[in-house]
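Asker: So that we are looking at the same thing, I have put the structure below in structure tokens.
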Amino acid sequence: MPSLSDYWNKAERYQNKVAPKTMSRNKFELILRFWHFENNDSADKTDRLEIIAVDESMIPYSGRLKFRQYIPNKTHKYGVKFFKVCGSNGYTYKIIIYEGEQSIKGESLTETIVSDLCENYLNEGRTIVTDNFYTSVPPLAEKMLSTNTHLVGTLRKNRRFLPDCYRKKN
């Protein structure tokens, strides 16, 4: 469903028979608000930004703009594309607006973007999570490891520099 409250919506297109019979929406939201899976006594309270994520977003825009992007598989096909780094708490910490060719000579665009977005968070033992657009083993993963930063992400089989033994795996 588009939102949690839609499970209790009485409109015909949302008809969910399980959730309303199990408990009320207010009770579910109250439980959800206080439900967490961490031992508060042993939790590390010093570092609230240990895992960060790098991703891209699109702001819909249909006017004339030199760096307006067309991405056919996005919900809003035309707009301004920007790259962002976010924390596990949902906050966005840094944004780079994509203006066209922005990579540094000798680096891929994704390597440049991840390095620029995460420059303040390197060398601190953090973990960066990326999707298959950014993830690459030799250039990006090795660069992150050299800065005491871990990289977790899905990997495309056709990614440049990927060893052949990984291309055959599922």
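Going through the structure tokens in order, the chains are called A, B, and so on, while each chain numbers its residues from 1 and the ligands are numbered from 1 in the order shown.
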Please provide as a compact mmCIF listing (two decimals) with N, CA and C atoms, in the first residue's frame all residues within 12 Å of stretch 21-25 of chain A, with the sequence filter that same-chain residues fewer than 3 positions apart are discarded (counting only C-alpha atoms).

Answerer:
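Written output follows (around-v4.txt):
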# COMPACT_ATOMS: atom_id res chain seq x y z
N SER A 3 0.73 3.93 1.79
CA SER A 3 1.08 4.36 3.14
C SER A 3 0.50 3.37 4.15
N LEU A 4 1.01 3.38 5.37
CA LEU A 4 0.54 2.45 6.39
C LEU A 4 -0.95 2.62 6.69
N SER A 5 -1.42 3.85 6.71
CA SER A 5 -2.82 4.08 7.05
C SER A 5 -3.77 3.50 6.00
N ASP A 6 -3.28 3.27 4.79
CA ASP A 6 -4.14 2.71 3.73
C ASP A 6 -4.57 1.28 4.02
N TYR A 7 -3.86 0.57 4.88
CA TYR A 7 -4.27 -0.78 5.25
C TYR A 7 -5.60 -0.78 6.00
N TRP A 8 -5.95 0.34 6.59
CA TRP A 8 -7.20 0.47 7.32
C TRP A 8 -8.22 1.31 6.56
N ASN A 9 -7.89 1.76 5.37
CA ASN A 9 -8.78 2.59 4.56
C ASN A 9 -9.99 1.77 4.12
N GLN A 15 -9.34 -2.16 -0.04
CA GLN A 15 -9.92 -3.25 0.74
C GLN A 15 -8.89 -4.25 1.27
N ASN A 16 -8.53 -4.09 2.52
CA ASN A 16 -7.64 -5.02 3.20
C ASN A 16 -8.44 -5.62 4.34
N LYS A 17 -8.62 -6.90 4.34
CA LYS A 17 -9.46 -7.53 5.34
C LYS A 17 -8.69 -8.03 6.57
N VAL A 18 -7.38 -8.13 6.47
CA VAL A 18 -6.59 -8.69 7.57
C VAL A 18 -6.25 -7.63 8.62
N PHE A 28 -1.74 -0.01 16.20
CA PHE A 28 -0.59 -0.43 15.41
C PHE A 28 0.46 0.67 15.35
N GLU A 29 0.04 1.92 15.11
CA GLU A 29 0.98 3.03 15.02
C GLU A 29 1.67 3.29 16.36
N LEU A 30 0.95 3.08 17.46
CA LEU A 30 1.55 3.24 18.77
C LEU A 30 2.62 2.18 19.02
N ILE A 31 2.32 0.94 18.66
CA ILE A 31 3.31 -0.15 18.81
C ILE A 31 4.52 0.14 17.92
N LEU A 32 4.27 0.54 16.70
CA LEU A 32 5.35 0.81 15.74
C LEU A 32 6.26 1.95 16.22

Asker: Give me the residues of stretch 97-158 of chain A that have any atom at most 12 Å from an atom of stretch 67-71 of chain A; for each, the nearest atom pair and the distance in Å, rounded to one decimal. Use only C-alpha atoms, sort by chain and number, and format it as a tab-separated table.

Answerer:
residue	atom	partner	partner_atom	distance
A:Ile97	CA	A:Phe67	CA	9.2
A:Tyr98	CA	A:Phe67	CA	7.3
A:Glu99	CA	A:Phe67	CA	5.0
A:Gly100	CA	A:Phe67	CA	6.2
A:Glu101	CA	A:Phe67	CA	9.9
A:Gln102	CA	A:Phe67	CA	11.6

Asker: Give me the residues near stretch 113-118 of chain A as a list in words, where near means some atom within 7 Å (using only C-alpha atoms) and where sequence neighbours in that chain fewer than 4 positions away do not count.

Answerer: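 Skipping anything fewer than 4 positions along the chain leaves Val54, Lys84, Val85, Lys94, Leu109 and Leu122 of chain A.
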
Asker: Counting only C-alpha atoms, what is within 10 Å of A:Arg159, bar same-chain residues fewer than 4 positions away, as an MDAnalysis selection string?

Answerer: chainID A and resid 132:137 155 163 167

Asker: For atom CA of A:Asn120 and atom CA of A:Ile59, determine how far apart the two atoms are, in Å to one decimal place.

Answerer: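 According to the coordinates, atom CA of A:Asn120 and atom CA of A:Ile59 are separated by 25.2 Å.
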
Asker: For a test of reading the model, state the distance in Å between atom CA of A:Trp35 and atom CA of A:Tyr14, rounded to one decimal.

Answerer: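 Taking atom CA of A:Trp35 as the start and atom CA of A:Tyr14 as the end point, the length is 25.8 Å.
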
Asker: Write out as a ChimeraX atom specification all residues of chain A that DSSP puts in alpha helix (DSSP H) for this structure's backbone.

Answerer: /A:19-22,25-34,109-117,142-146,164-167

Asker: If you run DSSP on the backbone, which residues of chain A are strand (DSSP E or B), as JSON, numbers by chain?

Answerer: {"A": [51, 52, 53, 54, 55, 56, 57, 58, 59, 60, 69, 70, 78, 79, 80, 81, 82, 83, 84, 85, 86, 87, 92, 93, 94, 95, 96, 97, 127, 128, 129, 130, 150, 151, 152, 153]}

Asker: Write to file, as a PDB file, in the first residue's frame, the residues of the selection just made, with C-alpha atoms.

Answerer:
ATOM      1  CA  ILE A  51      26.322   3.582   7.988  1.00  0.00           C
ATOM      2  CA  ILE A  52      25.629   6.058   5.196  1.00  0.00           C
ATOM      3  CA  ALA A  53      23.978   5.565   1.815  1.00  0.00           C
ATOM      4  CA  VAL A  54      24.733   7.150  -1.536  1.00  0.00           C
ATOM      5  CA  ASP A  55      21.938   7.374  -4.096  1.00  0.00           C
ATOM      6  CA  GLU A  56      20.444   9.617  -6.732  1.00  0.00           C
ATOM      7  CA  SER A  57      17.068  11.347  -6.939  1.00  0.00           C
ATOM      8  CA  MET A  58      15.143  13.281  -9.528  1.00  0.00           C
ATOM      9  CA  ILE A  59      13.310  16.547  -8.971  1.00  0.00           C
ATOM     10  CA  PRO A  60      10.598  16.785 -11.656  1.00  0.00           C
ATOM     11  CA  GLN A  69      17.909  14.877 -17.474  1.00  0.00           C
ATOM     12  CA  TYR A  70      15.754  12.249 -19.145  1.00  0.00           C
ATOM     13  CA  TYR A  78      12.328  14.615 -16.937  1.00  0.00           C
ATOM     14  CA  GLY A  79      13.937  16.673 -14.240  1.00  0.00           C
ATOM     15  CA  VAL A  80      17.026  17.692 -12.348  1.00  0.00           C
ATOM     16  CA  LYS A  81      19.116  14.753 -11.166  1.00  0.00           C
ATOM     17  CA  PHE A  82      21.054  15.037  -7.961  1.00  0.00           C
ATOM     18  CA  PHE A  83      23.263  12.727  -5.965  1.00  0.00           C
ATOM     19  CA  LYS A  84      22.992  12.584  -2.190  1.00  0.00           C
ATOM     20  CA  VAL A  85      24.497  10.953   0.868  1.00  0.00           C
ATOM     21  CA  CYS A  86      22.065  10.034   3.636  1.00  0.00           C
ATOM     22  CA  GLY A  87      22.330   8.623   7.128  1.00  0.00           C
ATOM     23  CA  THR A  92      20.377  13.975   3.769  1.00  0.00           C
ATOM     24  CA  TYR A  93      23.849  15.292   4.595  1.00  0.00           C
ATOM     25  CA  LYS A  94      25.169  16.450   1.247  1.00  0.00           C
ATOM     26  CA  ILE A  95      23.785  16.934  -2.269  1.00  0.00           C
ATOM     27  CA  ILE A  96      25.528  17.320  -5.619  1.00  0.00           C
ATOM     28  CA  ILE A  97      23.401  18.503  -8.530  1.00  0.00           C
ATOM     29  CA  THR A 127      30.245   1.713   5.860  1.00  0.00           C
ATOM     30  CA  ILE A 128      28.870   3.199   2.645  1.00  0.00           C
ATOM     31  CA  VAL A 129      25.887   1.499   1.015  1.00  0.00           C
ATOM     32  CA  THR A 130      25.353   1.950  -2.737  1.00  0.00           C
ATOM     33  CA  HIS A 150      33.774  -0.230   3.773  1.00  0.00           C
ATOM     34  CA  LEU A 151      31.558  -0.416   0.685  1.00  0.00           C
ATOM     35  CA  VAL A 152      28.421  -2.557   0.473  1.00  0.00           C
ATOM     36  CA  GLY A 153      26.312  -2.711  -2.666  1.00  0.00           C
TER      37      GLY A 153
END

Asker: With distances taken over only C-alpha atoms, which residue among A:Glu50, A:Thr147, A:Lys74, A:Ser108 lies nearest A:Asn89?

Answerer: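 Among the listed residues, the smallest separation from A:Asn89 belongs to A:Glu50.
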
Asker: In Å, with one decimal, what is the gap from atom CA of A:Pro138 to atom CA of A:Lys105?

Answerer: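 According to the coordinates, atom CA of A:Pro138 and atom CA of A:Lys105 are separated by 16.5 Å.
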